[in-house]
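**Student:** Dropping a structure here in structure tokens format, bear with me for questions.
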Amino acid sequence: MSGSGRPKIVTMIPTFNEAENIRDLITAILALPIEADLHVLVADDNSPDGTAAIVKDMASSDPRVHLLLRLKRRGRGAGGIDGFKAALELGADLVVEMDGDLSHQPKFIPALVAAARDLDLVLGSRFVKGGRDADRSLIRRFITILIRLFIRRRFRVPVRDVSSGFRCFRREVLAALDLDDLTSVGPSVVLETLYKAHLLGFRIGEIPIEFVDRTRGKTKLSALTLFETLIMALKFKRMYTPANVKRA
Ligand SMILES: Nc1nc2c(ncn2[C@@H]2O[C@H](COP(=O)(O)OP(=O)(O)OP(=O)(O)O)[C@@H](O)[C@H]2O)c(=O)[nH]1
Ligand SMILES: [Mg+2]
């Protein structure tokens with residue numbers, strides 16, 4: 001707990017070219033009615049569109065806003081891992097991970113946080129009762145369904161929305177994951193962290209969210225990224241076993 005006795009929550013957002021979304025997103029998060037010491041940390045990969053400058057400007061007038069400017073190898077995974085480390089360094093009790101394109105809506109953060117009272121890792125889920133995958137193209141929905149079927153069969157994780165990147169981690173989970181040892185550079189980090197947390201015996205659950213398609217900015221998901229994610233996912237099953245995964 002932070003000094004005030006209230007939990008410290010750090011919302012960690014990996015970004016690449018989200019200049020059109022990031023100000024509105026941060027403003028909405030900080031306006032949430034949550035009884036907590038609420039912070040936002042943006043892990044930006046030196047986006048050419050100037051995302052970092054916007055975050056820096058907001059941080060200069062609000063101590064709850066933090067920028068992690070990455071100049072190393074770009075990637076959703078690498079950025080997210082560095083973001084998790086920085087959130088732990090800030091002293092977070094809970095870390096909420098979310099995308100920076102407003103597909104993940106801040107209004108669901110209070111429910112994620114509330115569910116973390118009884119769970120170690122809470123997923124915002126499109127595929128439990130009350131959840132929705134709204135306004136997305138048929139092809140994106142189809143890809144999500146295929147990924148979900150494949151991962152649930154192969155990894156037997158006890159959740160439905162296995163590729164959700166809108167999640168709330170208790171500090172202990174991130175501390176146990178051995179973040180320096182994760183291998184994902186790209187989006188496969190979502191599965192790598194979920195699978196490791198599952199093998200480590202953490203309590204994982206889901207709450208419904210409505211996922212809305214991005215209306216501003218461009219997707220970074222290319223055929224190449226999807227292929228790379230699939231190759232990585234094939235590796236995790238052999239790389240991590242109940243016998244070799246230990247809490248850090
Ligand atoms: N730090 C960092 N963040 C990234 C990188 N690539 C994507 N992101 C962020 O990761 C989040 C998810 O990326 P998106 O491009 O929205 O991918 P997606 O949500 O799977 O695909 P869409 O449905 O098309 O939006 C967003 O906040 C991106 O800005 C990267 O290389 N580095
Ligand atoms: Mg997106």
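Scheme for the structure tokens: letters A, B, ... for chains in order shown; per-chain residue numbers from 1; ligand numbers from 1 in order shown.
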Thr15 (chain A): which residues within 7 Å, counting only C-alpha atoms, same-chain residues fewer than 5 positions away excluded, as a list in words?
**Tutor:**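 Here the qualifying residues turn out to be Val42, Ala43, Asp44, Asp45 and Gly100 of chain A.
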**Student:** Would you write out those residues with N, CA and C atoms, as a PDB file, in the first residue's frame?
**Tutor:**
ATOM      1  N   VAL A  42       2.990   5.648 -19.420  1.00  0.00           N
ATOM      2  CA  VAL A  42       2.977   5.341 -20.852  1.00  0.00           C
ATOM      3  C   VAL A  42       4.377   4.898 -21.262  1.00  0.00           C
ATOM      4  N   ALA A  43       4.443   3.682 -21.855  1.00  0.00           N
ATOM      5  CA  ALA A  43       5.724   3.162 -22.347  1.00  0.00           C
ATOM      6  C   ALA A  43       5.745   3.352 -23.855  1.00  0.00           C
ATOM      7  N   ASP A  44       6.355   4.461 -24.275  1.00  0.00           N
ATOM      8  CA  ASP A  44       6.309   4.821 -25.699  1.00  0.00           C
ATOM      9  C   ASP A  44       7.640   4.525 -26.397  1.00  0.00           C
ATOM     10  N   ASP A  45       7.545   3.952 -27.582  1.00  0.00           N
ATOM     11  CA  ASP A  45       8.750   3.600 -28.341  1.00  0.00           C
ATOM     12  C   ASP A  45       9.167   4.737 -29.276  1.00  0.00           C
ATOM     13  N   GLY A 100      -3.507   1.758 -25.981  1.00  0.00           N
ATOM     14  CA  GLY A 100      -3.593   3.215 -26.013  1.00  0.00           C
ATOM     15  C   GLY A 100      -4.480   3.753 -27.114  1.00  0.00           C
TER      16      GLY A 100
END
**Student:** Neighbouring residues of Val157 (chain A) were defined as those with any atom within 9 Å, considering only C-alpha atoms; residues of the same chain fewer than 3 positions away were excluded. Please report them as a short mmCIF file (atom, residue, chain, number, x, y, z; two decimals) with C-alpha atoms, in the first residue's frame.
**Tutor:**
data_model
loop_
_atom_site.label_atom_id
_atom_site.label_comp_id
_atom_site.auth_asym_id
_atom_site.auth_seq_id
_atom_site.Cartn_x
_atom_site.Cartn_y
_atom_site.Cartn_z
CA ILE A 151 -4.58 -21.12 -27.52
CA ARG A 152 -7.32 -22.54 -25.31
CA ARG A 153 -6.80 -26.03 -26.71
CA ARG A 154 -3.04 -25.94 -26.60
CA ARG A 160 -12.01 -17.46 -22.41
CA VAL A 162 -6.87 -15.49 -23.85
CA LEU A 194 -0.81 -15.33 -18.99
CA TYR A 195 0.60 -18.84 -19.42
CA HIS A 198 -1.21 -19.90 -14.87
CA LEU A 199 1.67 -22.36 -14.44
#
**Student:** Any residue with an atom at most 8 Å from ligand 1 counts, using only C-alpha atoms and all ligand atoms. Which are they? Put them as a PyMOL selection string.
**Tutor:** chain A and resi 13-18+43-45+70+74-80+98-101+103+136+140+165+186-187+213-214+218-221
**Student:** Select from region 96-198 of chain A everything DSSP, run on the backbone, classes as alpha helix (DSSP H), then give the selection as a PyMOL selection string.
**Tutor:** chain A and resi 109-115+138-155+171-176+189-198
**Student:** Work out how far apart CA of Asp57 (chain A) and CA of Thr11 (chain A) are and give it in Å to one decimal.
**Tutor:**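 Separating CA of Asp57 (chain A) from CA of Thr11 (chain A) is a distance of 17.8 Å.
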**Student:** Using DSSP assignments from the backbone, pull out every residue in region 35-188 of chain A that falls under strand (DSSP E) and give it to me as a list in words.
**Tutor:** Asp37, Leu38, His39, Val40, Leu41, Val42, Ala43, Asp44, Val65, His66, Leu67, Leu68, Leu69, Leu94, Val95, Val96, Glu97, Leu121, Val122, Leu123, Gly124, Ser125, Arg132, Asp133, Ala134, Arg167, Cys168, Phe169 and Arg170 of chain A
**Student:** Could you give me, as a list in words, the residues within 12 Å of Pro33 (chain A), counting only C-alpha atoms and dropping anything in the same chain fewer than 5 positions from it?
**Tutor:**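 These residues fall inside the cut-off: Ala28, Leu38, Pro106, Lys107, Phe108, Ile109, Pro110, Ala111 and Val113 of chain A.
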**Student:** Can you spit out the residues from that selection as a PDB file, in the first residue's frame, using C-alpha atoms?
**Tutor:**
ATOM      1  CA  ALA A  28     -10.476   9.731 -18.768  1.00  0.00           C
ATOM      2  CA  LEU A  38      -4.139   6.256  -9.362  1.00  0.00           C
ATOM      3  CA  PRO A 106     -11.322   3.300 -18.862  1.00  0.00           C
ATOM      4  CA  LYS A 107     -14.854   2.862 -17.497  1.00  0.00           C
ATOM      5  CA  PHE A 108     -14.079  -0.838 -16.968  1.00  0.00           C
ATOM      6  CA  ILE A 109     -11.015  -0.197 -14.790  1.00  0.00           C
ATOM      7  CA  PRO A 110     -12.981   0.028 -11.502  1.00  0.00           C
ATOM      8  CA  ALA A 111     -14.503  -3.428 -12.105  1.00  0.00           C
ATOM      9  CA  VAL A 113      -9.629  -3.446  -9.805  1.00  0.00           C
TER      10      VAL A 113
END
**Student:** Rounded to one decimal place, report the CA of Gly217 (chain A)-CA of Ile34 (chain A) distance in Å.
**Tutor:**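 Spanning CA of Gly217 (chain A) to CA of Ile34 (chain A) is a straight-line distance of 28.6 Å.
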**Student:** Determine, counting only C-alpha atoms, which protein, DNA and RNA residues have an atom within 7 Å of an atom of region 119-127 of chain A; residues of the same chain fewer than 6 positions away are not included. Present the result as a list in words.
**Tutor:** Leu112, Asp133, Arg160, Asp161, Ser164, Phe166, Arg167, Cys168, Phe169, Arg170, Val173, Phe202, Arg203, Ile204, Gly205, Glu206, Ile207, Pro208, Ile209, Glu210 and Phe211 of chain A
**Student:** Would you mind reading off the distance between CA of Leu191 (chain A) and CA of Ser163 (chain A), one decimal, in Å?
**Tutor:** 6.5 Å
**Student:** Write out as JSON, numbers by chain the residues lying within 12 Å of Lys85 (chain A), counting only C-alpha atoms and excluding same-chain residues fewer than 2 positions away.
**Tutor:** {"A": [10, 12, 41, 43, 68, 78, 79, 80, 81, 82, 83, 87, 88, 89, 90, 91, 92, 95, 171, 174, 175, 176, 177, 178, 179, 180]}
**Student:** Any chance you could export the current selection's C-alpha atoms as a PDB file, in the first residue's frame?
**Tutor:**
ATOM      1  CA  VAL A  10      -0.510   2.169 -12.048  1.00  0.00           C
ATOM      2  CA  MET A  12       0.478   0.902 -17.900  1.00  0.00           C
ATOM      3  CA  LEU A  41       2.515   5.243 -17.084  1.00  0.00           C
ATOM      4  CA  ALA A  43       5.724   3.162 -22.347  1.00  0.00           C
ATOM      5  CA  LEU A  68       8.839   5.839 -20.102  1.00  0.00           C
ATOM      6  CA  ALA A  78       9.404  -5.282 -25.133  1.00  0.00           C
ATOM      7  CA  GLY A  79       7.614  -1.993 -24.405  1.00  0.00           C
ATOM      8  CA  GLY A  80       5.081  -3.698 -22.150  1.00  0.00           C
ATOM      9  CA  ILE A  81       7.772  -5.562 -20.209  1.00  0.00           C
ATOM     10  CA  ASP A  82       9.741  -2.360 -19.567  1.00  0.00           C
ATOM     11  CA  GLY A  83       6.445  -0.702 -18.645  1.00  0.00           C
ATOM     12  CA  ALA A  87       5.266   0.314 -12.723  1.00  0.00           C
ATOM     13  CA  LEU A  88       6.769  -1.949 -10.044  1.00  0.00           C
ATOM     14  CA  GLU A  89       9.504   0.618  -9.452  1.00  0.00           C
ATOM     15  CA  LEU A  90       6.797   3.240  -8.898  1.00  0.00           C
ATOM     16  CA  GLY A  91       5.557   0.996  -6.081  1.00  0.00           C
ATOM     17  CA  ALA A  92       2.321  -0.204  -7.690  1.00  0.00           C
ATOM     18  CA  VAL A  95      -0.943  -2.735 -12.421  1.00  0.00           C
ATOM     19  CA  ARG A 171       2.066  -6.791  -7.898  1.00  0.00           C
ATOM     20  CA  LEU A 174       4.503  -9.405 -12.013  1.00  0.00           C
ATOM     21  CA  ALA A 175       7.222  -9.806  -9.396  1.00  0.00           C
ATOM     22  CA  ALA A 176       7.041 -13.590  -9.773  1.00  0.00           C
ATOM     23  CA  LEU A 177       7.082 -13.651 -13.576  1.00  0.00           C
ATOM     24  CA  ASP A 178      10.795 -12.944 -13.926  1.00  0.00           C
ATOM     25  CA  LEU A 179      10.219 -10.107 -16.380  1.00  0.00           C
ATOM     26  CA  ASP A 180      13.856 -10.083 -17.515  1.00  0.00           C
TER      27      ASP A 180
END
**Student:** Using only C-alpha atoms, pick whichever of A:Arg216, A:Lys237, A:Ala36, A:Thr51 has the shortest atom-to-atom distance to Arg156 (chain A).
**Tutor:**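 Ranked by minimum distance to Arg156 (chain A), first place goes to A:Lys237.
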